[in-house]
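Enquirer: Input file: work.csv. Contents: CSV, C-alpha atoms.
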```
chain,number,residue,atom,x,y,z
A,1,MET,CA,-6.2,-19.9,30.6
A,2,VAL,CA,-9.7,-21.0,29.6
A,3,LYS,CA,-9.9,-24.1,27.5
A,4,VAL,CA,-12.7,-24.2,25.0
A,5,VAL,CA,-14.1,-27.0,22.8
A,6,ILE,CA,-16.4,-26.3,19.9
A,7,ILE,CA,-18.9,-29.0,18.9
A,8,GLY,CA,-20.1,-28.4,15.3
A,9,SER,CA,-18.8,-27.2,12.0
A,10,GLY,CA,-21.5,-25.0,10.4
A,11,ASN,CA,-21.6,-21.2,9.9
A,12,VAL,CA,-21.6,-20.3,13.6
A,13,ALA,CA,-19.0,-22.8,14.5
A,14,GLN,CA,-16.6,-21.7,11.8
A,15,HIS,CA,-16.9,-18.0,12.7
A,16,LEU,CA,-16.4,-18.9,16.4
A,17,ILE,CA,-13.2,-20.8,15.5
A,18,VAL,CA,-11.8,-17.8,13.7
A,19,ALA,CA,-12.9,-15.4,16.5
A,20,PHE,CA,-11.2,-17.5,19.2
A,21,GLN,CA,-8.1,-17.9,17.2
A,22,ASN,CA,-7.9,-14.1,16.8
A,23,ALA,CA,-9.1,-13.3,20.4
A,24,GLN,CA,-7.4,-10.3,22.0
A,25,ASN,CA,-6.2,-10.6,25.5
A,26,SER,CA,-8.8,-8.8,27.7
A,27,GLY,CA,-7.4,-10.3,30.9
A,28,THR,CA,-8.5,-13.8,29.9
A,29,GLU,CA,-6.5,-16.1,27.7
A,30,ILE,CA,-8.4,-18.5,25.5
A,31,GLU,CA,-7.1,-21.8,24.2
A,32,LEU,CA,-9.3,-23.5,21.5
A,33,VAL,CA,-8.2,-27.0,22.3
A,34,GLN,CA,-10.5,-29.0,20.0
A,35,VAL,CA,-13.3,-28.9,17.5
A,36,TYR,CA,-15.7,-31.8,16.9
A,37,SER,CA,-17.2,-32.3,13.5
A,38,ARG,CA,-18.8,-35.4,11.9
A,39,GLN,CA,-17.0,-34.4,8.7
A,40,THR,CA,-13.6,-33.1,9.9
A,41,ALA,CA,-12.7,-32.0,6.3
A,42,SER,CA,-15.3,-29.2,6.6
A,43,VAL,CA,-13.1,-27.4,9.1
A,44,ALA,CA,-9.7,-28.8,8.3
A,45,HIS,CA,-8.8,-25.5,6.5
A,46,LEU,CA,-9.1,-23.7,9.9
A,47,LEU,CA,-7.3,-26.0,12.3
A,48,GLY,CA,-4.5,-28.6,12.5
A,49,LEU,CA,-5.6,-32.2,12.4
A,50,GLU,CA,-4.5,-32.7,16.0
A,51,GLN,CA,-7.3,-30.3,17.1
A,52,LEU,CA,-10.0,-32.2,15.2
A,53,THR,CA,-12.1,-35.2,16.1
A,54,ASN,CA,-15.2,-36.8,14.7
A,55,ASN,CA,-15.9,-38.9,17.8
A,56,LEU,CA,-17.7,-37.4,20.8
A,57,ASP,CA,-16.1,-40.0,23.1
A,58,ASP,CA,-12.7,-38.5,22.3
A,59,LEU,CA,-13.6,-34.9,23.4
A,60,ALA,CA,-10.7,-33.2,25.2
A,61,GLU,CA,-11.0,-31.9,28.7
A,62,ALA,CA,-12.0,-28.2,28.7
A,63,ASP,CA,-13.6,-25.5,30.8
A,64,LEU,CA,-16.3,-24.7,28.3
A,65,TYR,CA,-18.0,-26.8,25.6
A,66,ILE,CA,-19.9,-24.8,23.0
A,67,ILE,CA,-22.5,-26.7,21.0
A,68,ALA,CA,-22.9,-24.9,17.7
A,69,VAL,CA,-25.2,-27.2,15.7
A,70,SER,CA,-28.7,-26.9,14.3
A,71,ASP,CA,-31.5,-26.2,16.8
A,72,ASP,CA,-33.0,-29.6,16.3
A,73,ALA,CA,-29.8,-31.4,17.1
A,74,ILE,CA,-28.8,-29.6,20.3
A,75,ALA,CA,-30.7,-31.9,22.7
A,76,ALA,CA,-29.4,-35.1,21.1
A,77,VAL,CA,-25.8,-33.9,20.9
A,78,SER,CA,-25.8,-32.7,24.6
A,79,SER,CA,-27.2,-36.1,25.7
A,80,GLN,CA,-24.3,-37.9,24.0
A,81,LEU,CA,-21.5,-36.1,25.7
A,82,PRO,CA,-19.4,-38.6,27.6
A,83,PHE,CA,-18.9,-36.6,30.8
A,84,LYS,CA,-20.8,-34.9,33.7
A,85,ASN,CA,-20.7,-31.7,35.6
A,86,ARG,CA,-18.9,-29.6,33.0
A,87,LEU,CA,-20.1,-26.3,31.5
A,88,VAL,CA,-22.0,-27.0,28.3
A,89,VAL,CA,-23.6,-24.1,26.3
A,90,HIS,CA,-25.5,-23.8,23.0
A,91,THR,CA,-25.4,-20.9,20.5
A,92,SER,CA,-29.1,-20.9,19.5
A,93,GLY,CA,-31.4,-17.9,19.7
A,94,GLY,CA,-34.6,-20.0,19.6
A,95,VAL,CA,-33.8,-22.9,21.9
A,96,ALA,CA,-34.3,-22.7,25.7
A,97,LEU,CA,-31.5,-23.4,28.1
A,98,ASN,CA,-33.3,-26.4,29.6
A,99,VAL,CA,-33.1,-28.3,26.4
A,100,LEU,CA,-29.5,-29.2,27.3
A,101,ASN,CA,-29.0,-32.4,29.1
A,102,ASP,CA,-29.1,-32.4,32.9
A,103,ASP,CA,-25.8,-34.3,33.3
A,104,ASN,CA,-23.9,-31.1,32.8
A,105,ARG,CA,-24.1,-27.4,33.9
A,106,LYS,CA,-26.0,-25.4,31.3
A,107,GLY,CA,-25.6,-22.1,29.6
A,108,VAL,CA,-26.2,-20.2,26.4
A,109,PHE,CA,-23.6,-18.3,24.3
A,110,TYR,CA,-25.7,-16.7,21.6
A,111,PRO,CA,-24.0,-14.5,19.0
A,112,LEU,CA,-26.8,-12.5,17.4
A,113,GLN,CA,-25.7,-12.1,13.8
A,114,SER,CA,-26.4,-13.6,10.4
A,115,PHE,CA,-23.3,-15.8,9.5
A,116,THR,CA,-22.2,-16.9,6.1
A,117,LYS,CA,-19.4,-19.2,5.5
A,118,ASN,CA,-16.2,-17.7,4.0
A,119,LYS,CA,-17.6,-14.1,4.5
A,120,PRO,CA,-15.3,-12.4,7.1
A,121,ILE,CA,-17.0,-10.5,9.9
A,122,ASP,CA,-15.7,-8.3,12.8
A,123,PHE,CA,-16.8,-10.4,15.8
A,124,LYS,CA,-16.0,-7.4,18.1
A,125,THR,CA,-19.2,-5.8,16.9
A,126,ILE,CA,-21.4,-8.8,17.4
A,127,PRO,CA,-23.7,-8.8,20.4
A,128,ILE,CA,-23.3,-12.0,22.5
A,129,CYS,CA,-26.2,-12.9,24.7
A,130,LEU,CA,-25.4,-15.0,27.8
A,131,GLU,CA,-27.4,-17.1,30.2
A,132,SER,CA,-26.4,-19.7,32.8
A,133,GLU,CA,-27.8,-21.5,35.8
A,134,ASN,CA,-25.3,-20.1,38.3
A,135,ALA,CA,-23.2,-17.0,38.9
A,136,THR,CA,-19.9,-18.8,38.7
A,137,ASP,CA,-20.6,-20.2,35.3
A,138,TYR,CA,-21.9,-16.8,34.1
A,139,GLN,CA,-18.6,-15.1,35.2
A,140,LEU,CA,-16.7,-17.6,33.0
A,141,LEU,CA,-19.0,-17.1,30.0
A,142,ASP,CA,-18.7,-13.3,30.4
A,143,LYS,CA,-14.9,-13.5,30.4
A,144,VAL,CA,-14.8,-15.7,27.3
A,145,ALA,CA,-17.4,-13.6,25.5
A,146,LYS,CA,-15.4,-10.4,26.2
A,147,THR,CA,-12.3,-11.8,24.5
A,148,ILE,CA,-14.1,-11.8,21.2
A,149,SER,CA,-16.8,-9.2,21.5
A,150,ASP,CA,-17.3,-5.7,22.9
A,151,LYS,CA,-21.0,-6.2,23.2
A,152,VAL,CA,-22.0,-8.7,25.9
A,153,PHE,CA,-25.5,-9.0,27.4
A,154,THR,CA,-27.3,-10.9,30.1
A,155,ILE,CA,-30.4,-12.3,28.3
A,156,ASN,CA,-32.7,-15.0,29.7
A,157,SER,CA,-34.5,-17.7,27.6
A,158,GLU,CA,-37.7,-15.8,27.2
A,159,GLN,CA,-35.9,-12.5,26.3
A,160,ARG,CA,-33.8,-14.5,23.8
A,161,LYS,CA,-36.9,-16.0,22.2
A,162,ALA,CA,-38.2,-12.4,21.7
A,163,LEU,CA,-34.9,-11.3,20.3
A,164,HIS,CA,-34.8,-14.2,17.9
A,165,VAL,CA,-38.3,-13.5,16.6
A,166,ALA,CA,-37.5,-9.8,16.2
A,167,ALA,CA,-34.3,-10.9,14.4
A,168,VAL,CA,-36.3,-12.9,11.9
A,169,PHE,CA,-38.4,-9.8,11.1
A,170,VAL,CA,-35.4,-7.5,10.7
A,171,ASN,CA,-33.1,-9.9,8.9
A,172,ASN,CA,-34.7,-13.0,7.3
A,173,PHE,CA,-38.0,-11.4,6.3
A,174,THR,CA,-36.2,-8.2,5.1
A,175,ASN,CA,-33.9,-10.3,3.0
A,176,HIS,CA,-36.9,-12.1,1.5
A,177,LEU,CA,-38.3,-8.7,0.5
A,178,TYR,CA,-35.0,-7.9,-1.2
A,179,GLN,CA,-35.5,-11.1,-3.2
A,180,ILE,CA,-39.0,-10.1,-4.2
A,181,GLY,CA,-37.6,-6.7,-5.2
A,182,GLN,CA,-34.9,-8.4,-7.3
A,183,GLU,CA,-37.5,-10.6,-9.0
A,184,ILE,CA,-39.6,-7.6,-9.9
A,185,CYS,CA,-36.6,-5.9,-11.3
A,186,LEU,CA,-35.5,-8.9,-13.4
A,187,GLU,CA,-39.1,-9.4,-14.7
A,188,ASN,CA,-39.0,-5.8,-16.0
A,189,LYS,CA,-35.4,-5.7,-17.1
A,190,VAL,CA,-34.3,-3.2,-14.5
A,191,PRO,CA,-30.9,-3.6,-12.8
A,192,PHE,CA,-31.4,-4.5,-9.1
A,193,GLU,CA,-28.1,-2.5,-8.6
A,194,ILE,CA,-30.1,0.7,-8.8
A,195,LEU,CA,-31.9,-0.1,-5.5
A,196,LYS,CA,-28.7,-0.8,-3.4
A,197,PRO,CA,-28.1,2.8,-2.4
A,198,LEU,CA,-31.7,2.9,-1.1
A,199,ILE,CA,-31.2,-0.3,0.8
A,200,ALA,CA,-28.1,1.0,2.4
A,201,GLU,CA,-29.7,4.4,3.3
A,202,THR,CA,-32.7,2.6,4.9
A,203,ALA,CA,-30.5,0.4,7.0
A,204,ASN,CA,-28.2,3.4,8.0
A,205,LYS,CA,-31.2,5.6,8.9
A,206,ILE,CA,-32.3,3.5,11.9
A,207,MET,CA,-28.9,4.0,13.5
A,208,VAL,CA,-30.0,7.5,14.2
A,209,LEU,CA,-33.8,7.4,14.1
A,210,SER,CA,-36.4,5.0,15.5
A,211,PRO,CA,-38.0,2.7,12.9
A,212,GLU,CA,-41.3,4.7,13.4
A,213,GLU,CA,-39.5,8.0,12.6
A,214,ALA,CA,-37.7,6.5,9.6
A,215,GLN,CA,-40.8,5.1,8.0
A,216,THR,CA,-41.7,6.6,4.6
A,217,GLY,CA,-43.6,5.6,1.5
A,218,PRO,CA,-47.1,5.6,0.1
A,219,ALA,CA,-48.6,3.5,3.0
A,220,LYS,CA,-47.2,6.0,5.5
A,221,ARG,CA,-48.6,8.9,3.5
A,222,ASN,CA,-51.9,7.1,2.8
A,223,ASP,CA,-51.3,7.7,-0.9
A,224,THR,CA,-54.3,5.7,-2.1
A,225,ALA,CA,-53.8,6.3,-5.8
A,226,THR,CA,-50.2,5.1,-5.7
A,227,ILE,CA,-51.1,2.0,-3.6
A,228,GLU,CA,-53.9,1.1,-6.0
A,229,ALA,CA,-51.5,1.5,-9.0
A,230,HIS,CA,-48.9,-0.7,-7.3
A,231,GLU,CA,-51.5,-3.4,-6.5
A,232,ALA,CA,-52.7,-3.4,-10.1
A,233,PHE,CA,-49.1,-3.7,-11.4
A,234,LEU,CA,-48.3,-6.8,-9.2
A,235,SER,CA,-49.2,-9.9,-11.3
A,236,GLN,CA,-47.9,-12.5,-8.9
A,237,GLU,CA,-50.5,-13.3,-6.2
A,238,ASN,CA,-47.8,-13.9,-3.5
A,239,HIS,CA,-46.2,-10.5,-4.1
A,240,LEU,CA,-49.6,-8.8,-4.1
A,241,ASN,CA,-50.6,-10.4,-0.8
A,242,ILE,CA,-47.4,-9.4,0.9
A,243,TYR,CA,-47.7,-5.9,-0.5
A,244,LYS,CA,-51.3,-5.6,0.9
A,245,THR,CA,-50.4,-7.1,4.3
A,246,LEU,CA,-47.4,-4.8,4.8
A,247,THR,CA,-49.3,-1.7,3.6
A,248,GLN,CA,-52.2,-2.5,6.0
A,249,SER,CA,-49.7,-3.0,8.9
A,250,ILE,CA,-48.0,0.3,8.2
A,251,GLN,CA,-51.3,2.2,8.0
A,252,GLU,CA,-52.6,0.6,11.2
A,253,ASN,CA,-49.4,1.4,13.0
A,254,GLY,CA,-49.7,5.0,11.9
A,255,LYS,CA,-53.1,5.2,13.5
A,256,LYS,CA,-51.6,4.2,16.8
A,257,LEU,CA,-49.1,7.0,16.8
```
Take the structure in the file and write it out as C-alpha cells.
Expert:
Amino acid sequence: MVKVVIIGSGNVAQHLIVAFQNAQNSGTEIELVQVYSRQTASVAHLLGLEQLTNNLDDLAEADLYIIAVSDDAIAAVSSQLPFKNRLVVHTSGGVALNVLNDDNRKGVFYPLQSFTKNKPIDFKTIPICLESENATDYQLLDKVAKTISDKVFTINSEQRKALHVAAVFVNNFTNHLYQIGQEICLENKVPFEILKPLIAETANKIMVLSPEEAQTGPAKRNDTATIEAHEAFLSQENHLNIYKTLTQSIQENGKKL
C-alpha cells in the first residue's frame, strides 16, 4: 500500500484526487490519506472532512507528497513542510526539480494535460512525466503513476521545460487563435459553430500525419492574392499582426522543406 498526500486544491489537484480515488489495481494499491488546502471547502465535495486539513503542520505520514499548487508557490510550500527525508514532488511542467526544498527527497510528477475544474477526463490517456534524484524514488513514482495512467515517461528537467514550451504552442496559443476566430465570427454575425468541424478535423489529422504534412492554407500555397485580401479585411491591428507573423512563419518553414 502506497500512501499519498496531495497538497493543493486547484485544477490539477482536484483531477488527481479523482484519479487516485478511481485508481485501478496494477499491482500497487494507493491510499489517498489526506489533502491539504488553505480553503478546505474547495475540495470538500470530493473527500470526507477527516481527509482534509488546512494546516501544513498537521500533514499525515505518507510515502509520497504531491505539491499541486501554482508554479510560483512551489518553493515556498516545500520549504514549509514540517518533516525531512520524505519524497516530495511537484506537478509543474515549467519548474525545475531543484526548486524543491533540500530537506526532503525530490521528484516531479507532471501530468501533461490541460485541466478544467468539473470537466471529467480519462486520466488513463494522460502522459505523466516523471523525474527523481534516485532510482528507488523513481520506482515508487513509476508504480504510483501507472495506477492512474497508461502513459508514463522518464523526462528530466530540461526536457520537461521543452515539453512545456511546446505545450504552450499547441494548446494555449492554439486556444487563443480559437478566441480570435470567434471574435471575427461575432463581429461579422457568423456562427462560430460552423468552424467546429474544421477544428476537430485539424486536431484529428495530426494523429496520422506530421504537422508539416497536415499544413494547408493560403500561406502554405503562397496564395498572395488571398493573403493580401485577408490582411485588408482584418481591421484590428492585433489580429493583423498575428496573421502576418503566422503567415511568414509558415512560408519560411515551407522554404526549409
Enquirer: If we count all atoms listed in the file and set the cut-off at 9 Å, which residues sit around Leu141 of chain A, ignoring sequence neighbours fewer than 5 positions away in its own chain? Please answer as a PDB file with C-alpha atoms, in the coordinates of the input.
Expert:
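Result file is selection-v7.pdb:
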```pdb
ATOM      1  CA  LEU A  64     -16.300 -24.700  28.300  1.00  0.00           C
ATOM      2  CA  GLY A 107     -25.600 -22.100  29.600  1.00  0.00           C
ATOM      3  CA  VAL A 108     -26.200 -20.200  26.400  1.00  0.00           C
ATOM      4  CA  PHE A 109     -23.600 -18.300  24.300  1.00  0.00           C
ATOM      5  CA  LEU A 130     -25.400 -15.000  27.800  1.00  0.00           C
ATOM      6  CA  GLU A 131     -27.400 -17.100  30.200  1.00  0.00           C
ATOM      7  CA  SER A 132     -26.400 -19.700  32.800  1.00  0.00           C
ATOM      8  CA  THR A 136     -19.900 -18.800  38.700  1.00  0.00           C
ATOM      9  CA  LYS A 146     -15.400 -10.400  26.200  1.00  0.00           C
TER      10      LYS A 146
END
```
Enquirer: In Å, with one decimal, what is the gap from atom CA of Thr247 of chain A to atom CA of Pro218 of chain A?
Expert: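 Answer for the atom CA of Thr247 of chain A to atom CA of Pro218 of chain A separation: 8.4 Å.
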Enquirer: Could you give me, as a VMD selection string, the residues that have an atom at most 9 Å away from the point (-24.1, -32.2, 21.7) in the coordinates of the file, using only C-alpha atoms?
Expert: chain A and resid 7 to 8 56 66 to 69 73 to 81 88 90 100 to 101
Enquirer: Filtering to C-alpha atoms, could you give me those residues as a PDB file, keeping the file's coordinate frame?
Expert:
```
ATOM      1  CA  ILE A   7     -18.900 -29.000  18.900  1.00  0.00           C
ATOM      2  CA  GLY A   8     -20.100 -28.400  15.300  1.00  0.00           C
ATOM      3  CA  LEU A  56     -17.700 -37.400  20.800  1.00  0.00           C
ATOM      4  CA  ILE A  66     -19.900 -24.800  23.000  1.00  0.00           C
ATOM      5  CA  ILE A  67     -22.500 -26.700  21.000  1.00  0.00           C
ATOM      6  CA  ALA A  68     -22.900 -24.900  17.700  1.00  0.00           C
ATOM      7  CA  VAL A  69     -25.200 -27.200  15.700  1.00  0.00           C
ATOM      8  CA  ALA A  73     -29.800 -31.400  17.100  1.00  0.00           C
ATOM      9  CA  ILE A  74     -28.800 -29.600  20.300  1.00  0.00           C
ATOM     10  CA  ALA A  75     -30.700 -31.900  22.700  1.00  0.00           C
ATOM     11  CA  ALA A  76     -29.400 -35.100  21.100  1.00  0.00           C
ATOM     12  CA  VAL A  77     -25.800 -33.900  20.900  1.00  0.00           C
ATOM     13  CA  SER A  78     -25.800 -32.700  24.600  1.00  0.00           C
ATOM     14  CA  SER A  79     -27.200 -36.100  25.700  1.00  0.00           C
ATOM     15  CA  GLN A  80     -24.300 -37.900  24.000  1.00  0.00           C
ATOM     16  CA  LEU A  81     -21.500 -36.100  25.700  1.00  0.00           C
ATOM     17  CA  VAL A  88     -22.000 -27.000  28.300  1.00  0.00           C
ATOM     18  CA  HIS A  90     -25.500 -23.800  23.000  1.00  0.00           C
ATOM     19  CA  LEU A 100     -29.500 -29.200  27.300  1.00  0.00           C
ATOM     20  CA  ASN A 101     -29.000 -32.400  29.100  1.00  0.00           C
TER      21      ASN A 101
END
```
Enquirer: Distance atom CA of Ile30 of chain A-atom CA of Asp72 of chain A, one decimal place?
Expert: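 Interatomic distance here is 28.5 Å.
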Enquirer: Could you check the closest approach to Glu31 of chain A for each of A:Val4, A:Leu16, A:Leu246, A:Leu49 and tell me which residue wins, using only C-alpha atoms?
Expert: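 Smallest separation from Glu31 of chain A among the options: A:Val4.
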Enquirer: Give me, as a list of chain:residue names, all polymer residues having an atom no more than 9 Å from Leu163 of chain A, counting all atoms listed in the file and skipping those fewer than 6 positions away in the same chain.
Expert: A:Gly93, A:Gly94, A:Leu112
Enquirer: Just the residues within 12 Å of segment 196-208 of chain A, please, counting only C-alpha atoms, with nothing from its chain fewer than 2 positions along; format it as a list in words.
Expert: Val170, Asn171, Thr174, Asn175, Leu177, Tyr178, Gly181, Gln182, Pro191, Phe192, Glu193, Ile194, Ser210, Pro211, Glu212, Glu213, Ala214, Gln215, Thr216 and Gly217 of chain A
Enquirer: Rounded to one decimal place, report the atom CA of Gln34 of chain A-atom CA of Ala62 of chain A distance in Å.
Expert: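 We find that atom CA of Gln34 of chain A and atom CA of Ala62 of chain A lie 8.9 Å from each other.
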Enquirer: Need the shell around Lys124 of chain A: protein/DNA/RNA residues with any atom at most 10 Å away, counting only C-alpha atoms. Skip same-chain ones fewer than 6 positions apart. Format as a list in words?
Expert: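 In the requested format, the answer is Ala19, Ala23, Gln24, Ala145, Lys146, Thr147, Ile148, Ser149, Asp150, Lys151 and Val152 of chain A.
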Enquirer: With C-alpha atoms retained, write the just-selected residues as a PDB file, in the coordinates of the input.
Expert:
```pdb
ATOM      1  CA  ALA A  19     -12.900 -15.400  16.500  1.00  0.00           C
ATOM      2  CA  ALA A  23      -9.100 -13.300  20.400  1.00  0.00           C
ATOM      3  CA  GLN A  24      -7.400 -10.300  22.000  1.00  0.00           C
ATOM      4  CA  ALA A 145     -17.400 -13.600  25.500  1.00  0.00           C
ATOM      5  CA  LYS A 146     -15.400 -10.400  26.200  1.00  0.00           C
ATOM      6  CA  THR A 147     -12.300 -11.800  24.500  1.00  0.00           C
ATOM      7  CA  ILE A 148     -14.100 -11.800  21.200  1.00  0.00           C
ATOM      8  CA  SER A 149     -16.800  -9.200  21.500  1.00  0.00           C
ATOM      9  CA  ASP A 150     -17.300  -5.700  22.900  1.00  0.00           C
ATOM     10  CA  LYS A 151     -21.000  -6.200  23.200  1.00  0.00           C
ATOM     11  CA  VAL A 152     -22.000  -8.700  25.900  1.00  0.00           C
TER      12      VAL A 152
END
```
Enquirer: Tell me which of A:Phe20, A:Lys3, A:His230, A:Val43 sits closest to Asn118 of chain A, counting all atoms listed in the file.
Expert: A:Val43
